[in-house]
$ cat input-v9.cif   # mmCIF, C-alpha atoms
data_work
loop_
_atom_site.label_atom_id
_atom_site.label_comp_id
_atom_site.auth_asym_id
_atom_site.auth_seq_id
_atom_site.Cartn_x
_atom_site.Cartn_y
_atom_site.Cartn_z
CA MET A 1 -40.52 -8.67 10.08
CA LYS A 2 -38.72 -11.08 12.39
CA LEU A 3 -35.49 -12.60 11.15
CA GLU A 4 -33.32 -14.98 13.15
CA ARG A 5 -30.50 -15.76 10.72
CA ILE A 6 -29.20 -13.34 8.09
CA LEU A 7 -26.42 -13.90 5.58
CA VAL A 8 -24.70 -10.84 4.09
CA VAL A 9 -22.79 -11.59 0.88
CA LYS A 10 -19.77 -9.43 0.09
CA LEU A 11 -17.13 -11.29 -1.88
CA ALA A 12 -14.60 -8.48 -1.88
CA ASP A 13 -11.49 -7.03 -0.25
CA VAL A 14 -10.76 -4.28 2.29
CA GLY A 15 -12.31 -1.15 0.78
CA ASP A 16 -15.43 -2.83 -0.58
CA LEU A 17 -15.98 -4.70 2.68
CA LEU A 18 -15.84 -1.47 4.65
CA MET A 19 -18.72 -0.21 2.49
CA ILE A 20 -21.08 -2.71 4.16
CA SER A 21 -20.27 -1.63 7.73
CA ALA A 22 -23.10 0.92 7.92
CA ALA A 23 -25.54 -1.67 6.56
CA LEU A 24 -24.40 -4.18 9.22
CA THR A 25 -25.10 -1.61 11.93
CA ALA A 26 -28.54 -0.89 10.48
CA LEU A 27 -29.37 -4.62 10.29
CA HIS A 28 -28.30 -5.13 13.90
CA HIS A 29 -30.46 -2.25 15.09
CA ALA A 30 -33.46 -3.67 13.21
CA HIS A 31 -32.87 -7.27 14.34
CA PRO A 32 -30.88 -7.13 17.59
CA ASP A 33 -31.48 -10.81 18.38
CA ALA A 34 -30.68 -12.12 14.90
CA ARG A 35 -27.45 -13.86 13.97
CA ILE A 36 -25.69 -11.95 11.18
CA ASP A 37 -23.08 -13.88 9.17
CA VAL A 38 -20.93 -12.46 6.39
CA LEU A 39 -19.76 -14.44 3.36
CA ALA A 40 -16.41 -13.14 2.08
CA PRO A 41 -13.11 -14.38 0.57
CA PRO A 42 -10.47 -15.91 2.88
CA LYS A 43 -8.16 -12.90 2.60
CA ALA A 44 -10.92 -10.72 4.04
CA ALA A 45 -10.66 -12.23 7.53
CA ALA A 46 -8.61 -9.36 8.99
CA THR A 47 -11.06 -6.76 7.69
CA LEU A 48 -14.08 -8.64 8.97
CA ALA A 49 -12.52 -8.73 12.45
CA ALA A 50 -12.76 -4.91 12.62
CA LEU A 51 -16.32 -4.58 11.30
CA PRO A 52 -19.32 -4.24 13.65
CA HIS A 53 -22.13 -6.65 14.49
CA ILE A 54 -20.81 -9.77 12.76
CA ASP A 55 -21.68 -12.97 14.59
CA GLY A 56 -19.99 -15.37 12.19
CA THR A 57 -18.09 -15.52 8.94
CA ILE A 58 -18.09 -17.91 6.01
CA LEU A 59 -14.86 -17.68 4.05
CA PHE A 60 -15.10 -18.95 0.48
CA ASP A 61 -12.59 -18.58 -2.33
CA LYS A 62 -14.88 -17.23 -5.01
CA PHE A 63 -12.07 -16.34 -7.42
CA GLY A 64 -11.94 -19.89 -8.75
CA PHE A 65 -15.47 -19.37 -10.03
CA ASP A 66 -14.97 -16.02 -11.74
CA ARG A 67 -14.95 -17.49 -15.26
CA PRO A 68 -17.33 -19.93 -16.96
CA ALA A 69 -14.41 -22.26 -17.73
CA ALA A 70 -14.24 -23.06 -14.01
CA LEU A 71 -17.42 -25.09 -14.41
CA LEU A 72 -15.44 -27.62 -16.44
CA ASN A 73 -13.14 -28.36 -13.51
CA PRO A 74 -14.33 -31.35 -11.39
CA ARG A 75 -12.50 -29.99 -8.35
CA ARG A 76 -14.46 -26.75 -8.57
CA TRP A 77 -17.70 -28.73 -8.68
CA ALA A 78 -16.66 -30.59 -5.52
CA ASP A 79 -15.78 -27.32 -3.75
CA GLY A 80 -19.07 -25.83 -4.86
CA LEU A 81 -21.10 -28.75 -3.58
CA ARG A 82 -19.41 -28.65 -0.17
CA PHE A 83 -20.09 -24.93 0.04
CA ALA A 84 -23.74 -25.44 -1.01
CA ARG A 85 -24.25 -27.99 1.77
CA GLN A 86 -22.75 -25.57 4.29
CA LEU A 87 -25.14 -22.81 3.24
CA ARG A 88 -28.16 -25.07 3.25
CA THR A 89 -27.38 -26.43 6.69
CA ALA A 90 -27.19 -22.92 8.17
CA ARG A 91 -30.93 -22.37 7.42
CA TYR A 92 -30.84 -18.64 6.76
CA ASP A 93 -34.09 -16.69 6.81
CA ALA A 94 -32.67 -13.97 4.57
CA VAL A 95 -29.74 -13.33 2.26
CA ALA A 96 -28.56 -9.81 1.42
CA VAL A 97 -26.48 -9.65 -1.78
CA MET A 98 -24.34 -6.53 -1.55
CA HIS A 99 -23.04 -6.57 -5.12
CA HIS A 100 -23.93 -4.97 -8.42
CA LEU A 101 -24.91 -7.53 -11.03
CA THR A 102 -22.46 -6.21 -13.62
CA THR A 103 -22.23 -9.34 -15.78
CA ARG A 104 -24.66 -12.03 -16.86
CA PHE A 105 -22.35 -14.78 -15.57
CA GLY A 106 -21.97 -12.98 -12.25
CA SER A 107 -25.72 -12.72 -11.82
CA TRP A 108 -26.06 -16.47 -12.39
CA LYS A 109 -23.43 -17.10 -9.70
CA PHE A 110 -25.34 -15.00 -7.18
CA ALA A 111 -28.56 -16.67 -8.22
CA ALA A 112 -27.05 -20.10 -7.57
CA LEU A 113 -25.70 -18.94 -4.21
CA THR A 114 -28.92 -17.37 -2.92
CA LEU A 115 -31.22 -20.13 -4.18
CA THR A 116 -28.94 -22.81 -2.73
CA SER A 117 -29.16 -21.17 0.68
CA GLY A 118 -32.87 -21.94 0.84
CA ALA A 119 -33.58 -18.46 2.25
CA LYS A 120 -37.10 -17.30 1.49
CA LEU A 121 -36.09 -13.62 1.53
CA ARG A 122 -33.38 -12.70 -0.98
CA ALA A 123 -32.54 -8.99 -1.18
CA GLY A 124 -30.26 -7.04 -3.48
CA LEU A 125 -29.86 -4.48 -6.24
CA ASP A 126 -31.64 -5.03 -9.54
CA ASN A 127 -30.45 -3.67 -12.87
CA GLY A 128 -32.58 -6.10 -14.88
CA ARG A 129 -30.61 -9.20 -13.85
CA GLY A 130 -32.06 -9.65 -10.37
CA TRP A 131 -34.76 -12.17 -11.30
CA PHE A 132 -33.74 -14.44 -8.42
CA LEU A 133 -34.28 -11.75 -5.77
CA THR A 134 -37.51 -11.55 -3.80
CA ALA A 135 -36.81 -7.98 -2.59
CA ARG A 136 -35.15 -5.50 -4.95
CA TYR A 137 -33.79 -1.98 -4.83
CA PRO A 138 -33.33 -0.30 -8.25
CA ASP A 139 -29.69 -0.13 -9.31
CA ALA A 140 -29.29 3.25 -11.00
CA GLY A 141 -25.63 2.56 -11.77
CA PHE A 142 -22.25 3.20 -10.20
CA GLY A 143 -22.08 6.62 -8.62
CA ALA A 144 -25.81 7.30 -8.65
CA MET A 145 -25.30 6.98 -4.91
CA HIS A 146 -22.30 6.02 -2.81
CA GLU A 147 -21.65 2.29 -2.43
CA ALA A 148 -22.22 2.48 1.32
CA ALA A 149 -25.60 4.12 0.73
CA TYR A 150 -26.56 1.41 -1.76
CA TRP A 151 -25.90 -1.32 0.80
CA GLN A 152 -27.97 0.46 3.44
CA GLN A 153 -30.83 0.43 0.95
CA VAL A 154 -30.40 -3.33 0.56
CA ALA A 155 -30.44 -3.65 4.36
CA ALA A 156 -33.67 -1.62 4.35
CA LEU A 157 -35.26 -4.35 2.21
CA LEU A 158 -34.78 -6.59 5.26
CA GLY A 159 -36.49 -4.15 7.60
CA ALA A 160 -33.54 -1.93 8.55
CA ASP A 161 -33.71 1.86 8.72
CA ALA A 162 -32.22 3.47 5.61
CA ALA A 163 -31.21 6.64 7.49
CA PRO A 164 -27.51 7.19 6.65
CA LEU A 165 -24.96 5.85 9.12
CA PRO A 166 -21.18 6.32 9.11
CA LEU A 167 -18.72 3.59 8.26
CA SER A 168 -17.24 1.61 11.15
CA PHE A 169 -13.77 0.19 11.67
CA ILE A 170 -12.96 -0.87 15.23
CA PRO A 171 -9.34 -1.50 16.28
CA THR A 172 -8.71 -3.52 19.42
CA ALA A 173 -7.14 -2.12 22.59
CA THR A 174 -3.95 -3.91 21.58
CA ASP A 175 -4.07 -2.22 18.17
CA ILE A 176 -4.40 1.19 19.82
CA GLN A 177 -1.50 0.53 22.18
CA ARG A 178 0.68 -0.66 19.31
CA ALA A 179 -0.19 2.44 17.27
CA GLY A 180 1.11 4.62 20.08
CA GLU A 181 4.36 2.67 20.13
CA LEU A 182 4.80 2.95 16.36
CA LEU A 183 4.14 6.69 16.34
CA ALA A 184 6.36 7.38 19.36
CA PRO A 185 9.26 8.81 17.27
CA LEU A 186 6.94 11.57 16.01
CA LEU A 187 5.08 12.39 19.20
CA HIS A 188 7.69 14.78 20.60
CA GLU A 189 7.80 16.70 17.30
CA SER A 190 5.50 19.61 16.46
CA GLY A 191 3.26 20.17 13.46
CA PRO A 192 0.21 18.46 11.95
CA LEU A 193 0.46 14.68 11.58
CA VAL A 194 -0.23 13.71 7.97
CA ALA A 195 -0.55 10.12 6.75
CA ILE A 196 0.29 9.36 3.12
CA HIS A 197 -0.63 6.11 1.38
CA PRO A 198 0.83 5.98 -2.16
CA GLY A 199 -0.87 2.75 -3.28
CA THR A 200 -4.17 1.55 -4.64
CA GLY A 201 -4.18 -2.23 -4.26
CA ALA A 202 -3.66 -4.79 -6.99
CA TYR A 203 -7.09 -4.66 -8.64
CA ALA A 204 -6.60 -1.41 -10.57
CA PRO A 205 -3.10 0.10 -10.26
CA ALA A 206 -4.07 2.73 -12.85
CA ARG A 207 -5.68 4.63 -9.96
CA ARG A 208 -2.24 5.36 -8.51
CA TRP A 209 -0.92 8.94 -8.48
CA PRO A 210 2.72 9.11 -9.70
CA ALA A 211 5.39 8.38 -7.06
CA GLY A 212 7.29 11.53 -8.05
CA TYR A 213 4.24 13.62 -7.27
CA PHE A 214 3.93 12.03 -3.83
CA ALA A 215 7.61 12.83 -3.21
CA GLN A 216 7.14 16.48 -4.18
CA LEU A 217 4.02 16.73 -2.04
CA ALA A 218 5.76 15.16 0.96
CA ARG A 219 8.63 17.64 0.75
CA ARG A 220 6.31 20.62 0.46
CA LEU A 221 4.12 19.45 3.35
CA HIS A 222 7.28 19.18 5.42
CA ASP A 223 8.71 22.55 4.41
CA THR A 224 5.63 24.77 4.14
CA LEU A 225 3.25 23.28 6.70
CA ASN A 226 5.80 21.91 9.20
CA ALA A 227 4.05 18.55 8.85
CA ARG A 228 5.04 15.32 10.51
CA LEU A 229 4.73 12.61 7.86
CA VAL A 230 3.87 8.95 8.27
CA ILE A 231 3.93 6.77 5.16
CA VAL A 232 1.62 3.75 5.44
CA GLY A 233 0.85 0.71 3.32
CA GLY A 234 1.60 -2.93 2.73
CA SER A 235 4.07 -4.89 0.67
CA ASP A 236 2.58 -3.52 -2.56
CA VAL A 237 3.86 -0.01 -1.79
CA SER A 238 6.93 -0.60 0.41
CA GLU A 239 9.44 -0.06 -2.42
CA TRP A 240 7.51 3.01 -3.56
CA ALA A 241 7.59 4.41 -0.03
CA VAL A 242 11.38 4.10 0.18
CA LYS A 243 11.77 5.82 -3.20
CA ILE A 244 9.33 8.58 -2.27
CA ILE A 245 11.11 9.36 0.99
CA ALA A 246 14.53 9.31 -0.71
CA SER A 247 13.35 11.43 -3.63
CA ALA A 248 11.85 13.94 -1.19
CA GLY A 249 15.19 14.15 0.63
CA LEU A 250 13.57 13.05 3.89
CA GLY A 251 15.48 9.83 4.49
CA ASP A 252 17.13 11.04 7.73
CA ASP A 253 14.40 13.45 8.75
CA ALA A 254 13.17 13.14 12.34
CA LYS A 255 9.63 14.13 11.32
CA THR A 256 9.21 11.43 8.66
CA LEU A 257 8.27 7.87 9.55
CA ASN A 258 7.88 4.89 7.20
CA LEU A 259 5.41 2.35 8.60
CA CYS A 260 4.92 0.32 5.42
CA GLU A 261 4.60 -3.40 6.20
CA GLN A 262 4.76 -2.65 9.93
CA THR A 263 1.05 -2.64 10.80
CA THR A 264 -1.86 -5.02 10.77
CA LEU A 265 -5.12 -3.60 9.44
CA GLY A 266 -6.30 -2.94 12.98
CA GLU A 267 -3.06 -1.19 13.88
CA LEU A 268 -3.28 0.84 10.68
CA GLY A 269 -6.75 2.04 11.67
CA ALA A 270 -5.46 3.04 15.10
CA VAL A 271 -2.47 4.89 13.58
CA LEU A 272 -4.69 6.78 11.15
CA ALA A 273 -7.14 7.74 13.91
CA ARG A 274 -4.35 9.79 15.51
CA CYS A 275 -3.57 11.75 12.33
CA ASP A 276 -4.75 15.22 11.35
CA LEU A 277 -5.05 14.38 7.65
CA TYR A 278 -4.84 11.37 5.34
CA ILE A 279 -3.78 11.75 1.69
CA GLY A 280 -3.97 8.98 -0.89
CA SER A 281 -5.54 7.55 -4.01
CA ASP A 282 -8.63 5.31 -4.06
CA SER A 283 -7.74 2.29 -1.90
CA GLY A 284 -8.68 0.20 1.13
CA PRO A 285 -6.58 2.32 3.53
CA LEU A 286 -8.41 5.45 2.35
CA HIS A 287 -11.69 3.92 3.51
CA ILE A 288 -10.10 2.75 6.77
CA ALA A 289 -9.05 6.37 7.32
CA THR A 290 -12.59 7.56 6.59
CA ALA A 291 -14.07 5.06 9.02
CA SER A 292 -11.44 5.98 11.63
CA GLY A 293 -12.57 9.61 11.69
CA VAL A 294 -9.50 11.28 10.19
CA PRO A 295 -10.14 13.93 7.50
CA VAL A 296 -9.35 12.42 4.12
CA LEU A 297 -8.02 13.99 0.93
CA GLY A 298 -8.61 11.48 -1.86
CA ILE A 299 -6.77 11.89 -5.16
CA TYR A 300 -9.02 10.49 -7.87
CA GLY A 301 -8.59 9.91 -11.59
CA PRO A 302 -10.04 6.78 -13.26
CA SER A 303 -12.02 5.85 -10.12
CA ASN A 304 -15.68 6.74 -9.75
CA HIS A 305 -15.41 9.19 -6.86
CA ARG A 306 -19.16 9.34 -6.35
CA ALA A 307 -19.25 5.57 -5.81
CA TRP A 308 -16.00 5.07 -3.90
CA GLY A 309 -14.94 8.45 -2.60
CA PRO A 310 -14.44 9.04 1.14
CA TYR A 311 -17.91 8.46 2.56
CA VAL A 312 -19.92 11.20 4.25
CA ALA A 313 -23.10 9.75 5.73
CA GLY A 314 -26.07 11.62 4.30
CA GLY A 315 -23.88 13.82 2.13
CA ALA A 316 -20.85 13.74 -0.12
CA ALA A 317 -17.16 14.55 0.08
CA THR A 318 -16.33 18.04 -1.14
CA GLU A 319 -15.12 18.01 -4.75
CA LEU A 320 -12.04 20.14 -5.37
CA ASP A 321 -11.87 20.56 -9.15
CA ALA A 322 -8.29 21.18 -10.24
CA LEU A 323 -9.30 21.66 -13.89
CA THR A 324 -11.84 24.47 -13.89
CA GLN A 325 -11.61 26.12 -10.48
CA PRO A 326 -8.57 27.89 -8.97
CA PRO A 327 -7.63 26.78 -5.43
CA GLN A 328 -8.52 30.16 -3.94
CA ASP A 329 -12.13 29.47 -4.95
CA TRP A 330 -12.31 25.98 -3.49
CA PRO A 331 -14.84 25.53 -0.66
CA GLN A 332 -13.65 24.57 2.81
CA PRO A 333 -14.31 20.81 3.17
CA PRO A 334 -16.33 20.06 6.32
CA SER A 335 -14.53 16.71 6.64
CA HIS A 336 -13.48 14.82 3.52
CA ALA A 337 -12.48 16.01 0.05
CA VAL A 338 -11.87 14.57 -3.41
CA LEU A 339 -9.21 16.21 -5.57
CA ARG A 340 -9.75 15.50 -9.26
CA GLN A 341 -9.97 16.96 -12.74
CA SER A 342 -13.44 17.17 -14.26
CA LEU A 343 -12.47 15.66 -17.62
CA ALA A 344 -15.31 14.29 -19.74
CA CYS A 345 -13.67 10.84 -19.75
CA SER A 346 -13.25 10.67 -15.98
CA PRO A 347 -14.21 8.45 -14.30
CA CYS A 348 -13.61 5.61 -16.73
CA LEU A 349 -13.66 2.83 -14.09
CA TYR A 350 -17.13 1.69 -13.00
CA ARG A 351 -19.44 3.85 -15.05
CA GLU A 352 -23.20 3.31 -15.27
CA HIS A 353 -23.67 -0.48 -15.01
CA ALA A 354 -20.29 -1.63 -16.36
CA VAL A 355 -16.79 -2.15 -14.96
CA GLY A 356 -15.29 0.13 -17.60
CA LEU A 357 -11.55 0.58 -18.05
CA ARG A 358 -10.00 -1.28 -15.14
CA HIS A 359 -6.48 -0.34 -16.31
CA GLY A 360 -7.36 3.18 -17.33
CA CYS A 361 -6.05 4.67 -20.56
CA PRO A 362 -2.42 5.12 -21.70
CA PRO A 363 -2.34 8.95 -21.43
CA ARG A 364 -3.69 8.94 -17.82
CA GLU A 365 -4.31 12.67 -18.20
CA CYS A 366 -6.68 12.66 -15.23
CA LEU A 367 -3.80 11.83 -12.86
CA ASP A 368 -0.61 12.81 -14.67
CA THR A 369 -1.74 16.43 -14.99
CA LEU A 370 -3.07 16.59 -11.42
CA THR A 371 -0.10 18.38 -9.90
CA PRO A 372 1.50 18.36 -6.44
CA ASP A 373 0.74 22.09 -6.35
CA ALA A 374 -2.98 21.31 -6.43
CA ALA A 375 -2.61 18.62 -3.75
CA LEU A 376 -0.64 20.98 -1.51
CA ALA A 377 -3.30 23.66 -1.89
CA ALA A 378 -5.97 21.14 -0.93
CA ALA A 379 -3.97 19.92 2.07
CA ARG A 380 -3.34 23.49 3.20
CA LEU A 381 -7.09 24.18 2.98
CA MET A 382 -7.97 21.09 5.01
CA LEU A 383 -5.30 21.73 7.65
CA GLY A 384 -6.04 25.43 7.91
CA GLY A 385 -7.93 25.17 11.15
CA ARG A 386 -5.76 22.45 12.71
#
$ encode --input "input-v9.cif" --output "structure tokens"
Amino acid sequence: MKLERILVVKLADVGDLLMISAALTALHHAHPDARIDVLAPPKAAATLAALPHIDGTILFDKFGFDRPAALLNPRRWADGLRFARQLRTARYDAVAVMHHLTTRFGSWKFAALTLTSGAKLRAGLDNGRGWFLTARYPDAGFGAMHEAAYWQQVAALLGADAAPLPLSFIPTATDIQRAGELLAPLLHESGPLVAIHPGTGAYAPARRWPAGYFAQLARRLHDTLNARLVIVGGSDVSEWAVKIIASAGLGDDAKTLNLCEQTTLGELGAVLARCDLYIGSDSGPLHIATASGVPVLGIYGPSNHRAWGPYVAGGAATELDALTQPPQDWPQPPSHAVLRQSLACSPCLYREHAVGLRHGCPPRECLDTLTPDAALAAARLMLGGR
């Protein structure tokens, strides 16, 4: 199979975009002379800059087309027609749709996009709604395999090798230099360097572990493991970070550094690559940490950890079950771990073929009863040999 122009469709933000990085590498290896473009939203530009083997990007604001009512707006029709002409002019040989077809309206949108492109080869997942695809991989539902593994299977439909590959996130030399400058206040201190990200992004804040728990964990990491702490994140968590540090009594501590809103995505990746452990809930920075090679402790509640946990190519993150197994019986994670409670209702976000409860449930038992004691035990286990 010889392909000269390939379009990869991923209309998503940081974490979801990182999930396609292994598939991009596989496509490049299979078609080293092909041009690979990625279609993504405008706010994804910074993430795309750190992903491998992308020759061009098409940035399109898909959010204006998320509801059927948008079709009644003449301006949306005009935007759609301009976008359709752009796709058609590019003359793609193949389009890879790296999305689940979770809704009927969504499947019609992807059908319109792929058919408009004029590509003869249209690959993607099929859960019964993929009639417009010419090459299909069965969608067994969220969590049947990791998202990154799903997208490698879609790449395999275009001739790529499906052998598991790790995620990639590539900071620039400038990013790496800046990371050293930002971390300079901690470099003369001793102890393991632990990054904490207390956010989850705007899509599903119900995934967020309580701020008070992060504060307790930070204090205990400092006192019992002699850890150097770096709090990371964007504007969505900057106020939380200040409160966490103050509540932990670490406001004037020389071994605690708040880098919220002080890094670009590339600089964040370079900062995390220098850490001994990353701790946080399901979020884009968690997947940047995974791709950067730092061991990751993910704290999961509503999120489907088998779909969006820290990715281990060809395997799975170690599950540390805080509900049924005492910490002394937890296995030593080889790299990444998921800390969760094996409640029957968890996960409730992205189950089978549906989105599920984006905002979780009011009791939030899966997170509110997941204690800092359990997180400290997990961190101690992961830092034991460091």
$ atom_distance --input "input-v9.cif" --atom1 "CA of Ala378 (chain A)" --atom2 "CA of Gly293 (chain A)"
18.3 Å
$ axis_aligned_box --input "input-v9.cif" --around "region 204-208 of chain A" --padding-each-side "4 Å" --output "JSON"
{"center_x": -4.4, "center_y": 2.0, "center_z": -10.7, "size_x": 12.4, "size_y": 14.8, "size_z": 12.3}
$ atom_distance --input "input-v9.cif" --atom1 "CA of Ala337 (chain A)" --atom2 "CA of Glu189 (chain A)"
26.6 Å
$ resolve_selection --input "input-v9.cif" --expression "the PyMOL selection byres ((chain A and resi 4) around 7)" --output "number ranges by chain"
A: 2-3, 5-6, 33-35, 93
$ closest_residue --input "input-v9.cif" --among "A:Pro372, A:Gly141, A:Gly280, A:Pro210" --to "Tyr300 (chain A)" --atoms "only C-alpha atoms"
A:Gly280
$ closest_residue --input "input-v9.cif" --among "A:Arg178, A:Arg208, A:Lys255, A:His287" --to "Ile20 (chain A)" --atoms "only C-alpha atoms"
A:His287
$ residues_around --input "input-v9.cif" --residues "Ala148 (chain A)" --least-positions-apart "4" --cutoff "9 Å" --atoms "only C-alpha atoms" --output "MDAnalysis selection string"
chainID A and resid 16 18:23 152:153 164:167 307:308 311 313
$ resolve_selection --input "input-v9.cif" --expression "the PyMOL selection byres ((chain A and resi 246) around 12)" --output "PyMOL selection string"
chain A and resi 211-212+214-216+218-219+239-245+247-253+256+258
$ residues_around --input "input-v9.cif" --residues "region 358-366 of chain A" --least-positions-apart "3" --cutoff "12 Å" --atoms "all atoms listed in the file" --output "ChimeraX atom specification"
/A:202-210,299-304,321-323,339-351,354-355,369-371
$ write_last_selection --input "input-v9.cif" --atoms "C-alpha atoms" --output "JSON list (two decimals), in the coordinates of the input"
[["chain", "number", "residue", "atom", "x", "y", "z"],
["A", 202, "ALA", "CA", -3.66, -4.79, -6.99],
["A", 203, "TYR", "CA", -7.09, -4.66, -8.64],
["A", 204, "ALA", "CA", -6.60, -1.41, -10.57],
["A", 205, "PRO", "CA", -3.10, 0.10, -10.26],
["A", 206, "ALA", "CA", -4.07, 2.73, -12.85],
["A", 207, "ARG", "CA", -5.68, 4.63, -9.96],
["A", 208, "ARG", "CA", -2.24, 5.36, -8.51],
["A", 209, "TRP", "CA", -0.92, 8.94, -8.48],
["A", 210, "PRO", "CA", 2.72, 9.11, -9.70],
["A", 299, "ILE", "CA", -6.77, 11.89, -5.16],
["A", 300, "TYR", "CA", -9.02, 10.49, -7.87],
["A", 301, "GLY", "CA", -8.59, 9.91, -11.59],
["A", 302, "PRO", "CA", -10.04, 6.78, -13.26],
["A", 303, "SER", "CA", -12.02, 5.85, -10.12],
["A", 304, "ASN", "CA", -15.68, 6.74, -9.75],
["A", 321, "ASP", "CA", -11.87, 20.56, -9.15],
["A", 322, "ALA", "CA", -8.29, 21.18, -10.24],
["A", 323, "LEU", "CA", -9.30, 21.66, -13.89],
["A", 339, "LEU", "CA", -9.21, 16.21, -5.57],
["A", 340, "ARG", "CA", -9.75, 15.50, -9.26],
["A", 341, "GLN", "CA", -9.97, 16.96, -12.74],
["A", 342, "SER", "CA", -13.44, 17.17, -14.26],
["A", 343, "LEU", "CA", -12.47, 15.66, -17.62],
["A", 344, "ALA", "CA", -15.31, 14.29, -19.74],
["A", 345, "CYS", "CA", -13.67, 10.84, -19.75],
["A", 346, "SER", "CA", -13.25, 10.67, -15.98],
["A", 347, "PRO", "CA", -14.21, 8.45, -14.30],
["A", 348, "CYS", "CA", -13.61, 5.61, -16.73],
["A", 349, "LEU", "CA", -13.66, 2.83, -14.09],
["A", 350, "TYR", "CA", -17.13, 1.69, -13.00],
["A", 351, "ARG", "CA", -19.44, 3.85, -15.05],
["A", 354, "ALA", "CA", -20.29, -1.63, -16.36],
["A", 355, "VAL", "CA", -16.79, -2.15, -14.96],
["A", 369, "THR", "CA", -1.74, 16.43, -14.99],
["A", 370, "LEU", "CA", -3.07, 16.59, -11.42],
["A", 371, "THR", "CA", -0.10, 18.38, -9.90]]
$ closest_residue --input "input-v9.cif" --among "A:Leu357, A:Leu297, A:Ala45, A:Leu101" --to "Leu381 (chain A)" --atoms "all atoms listed in the file"
A:Leu297
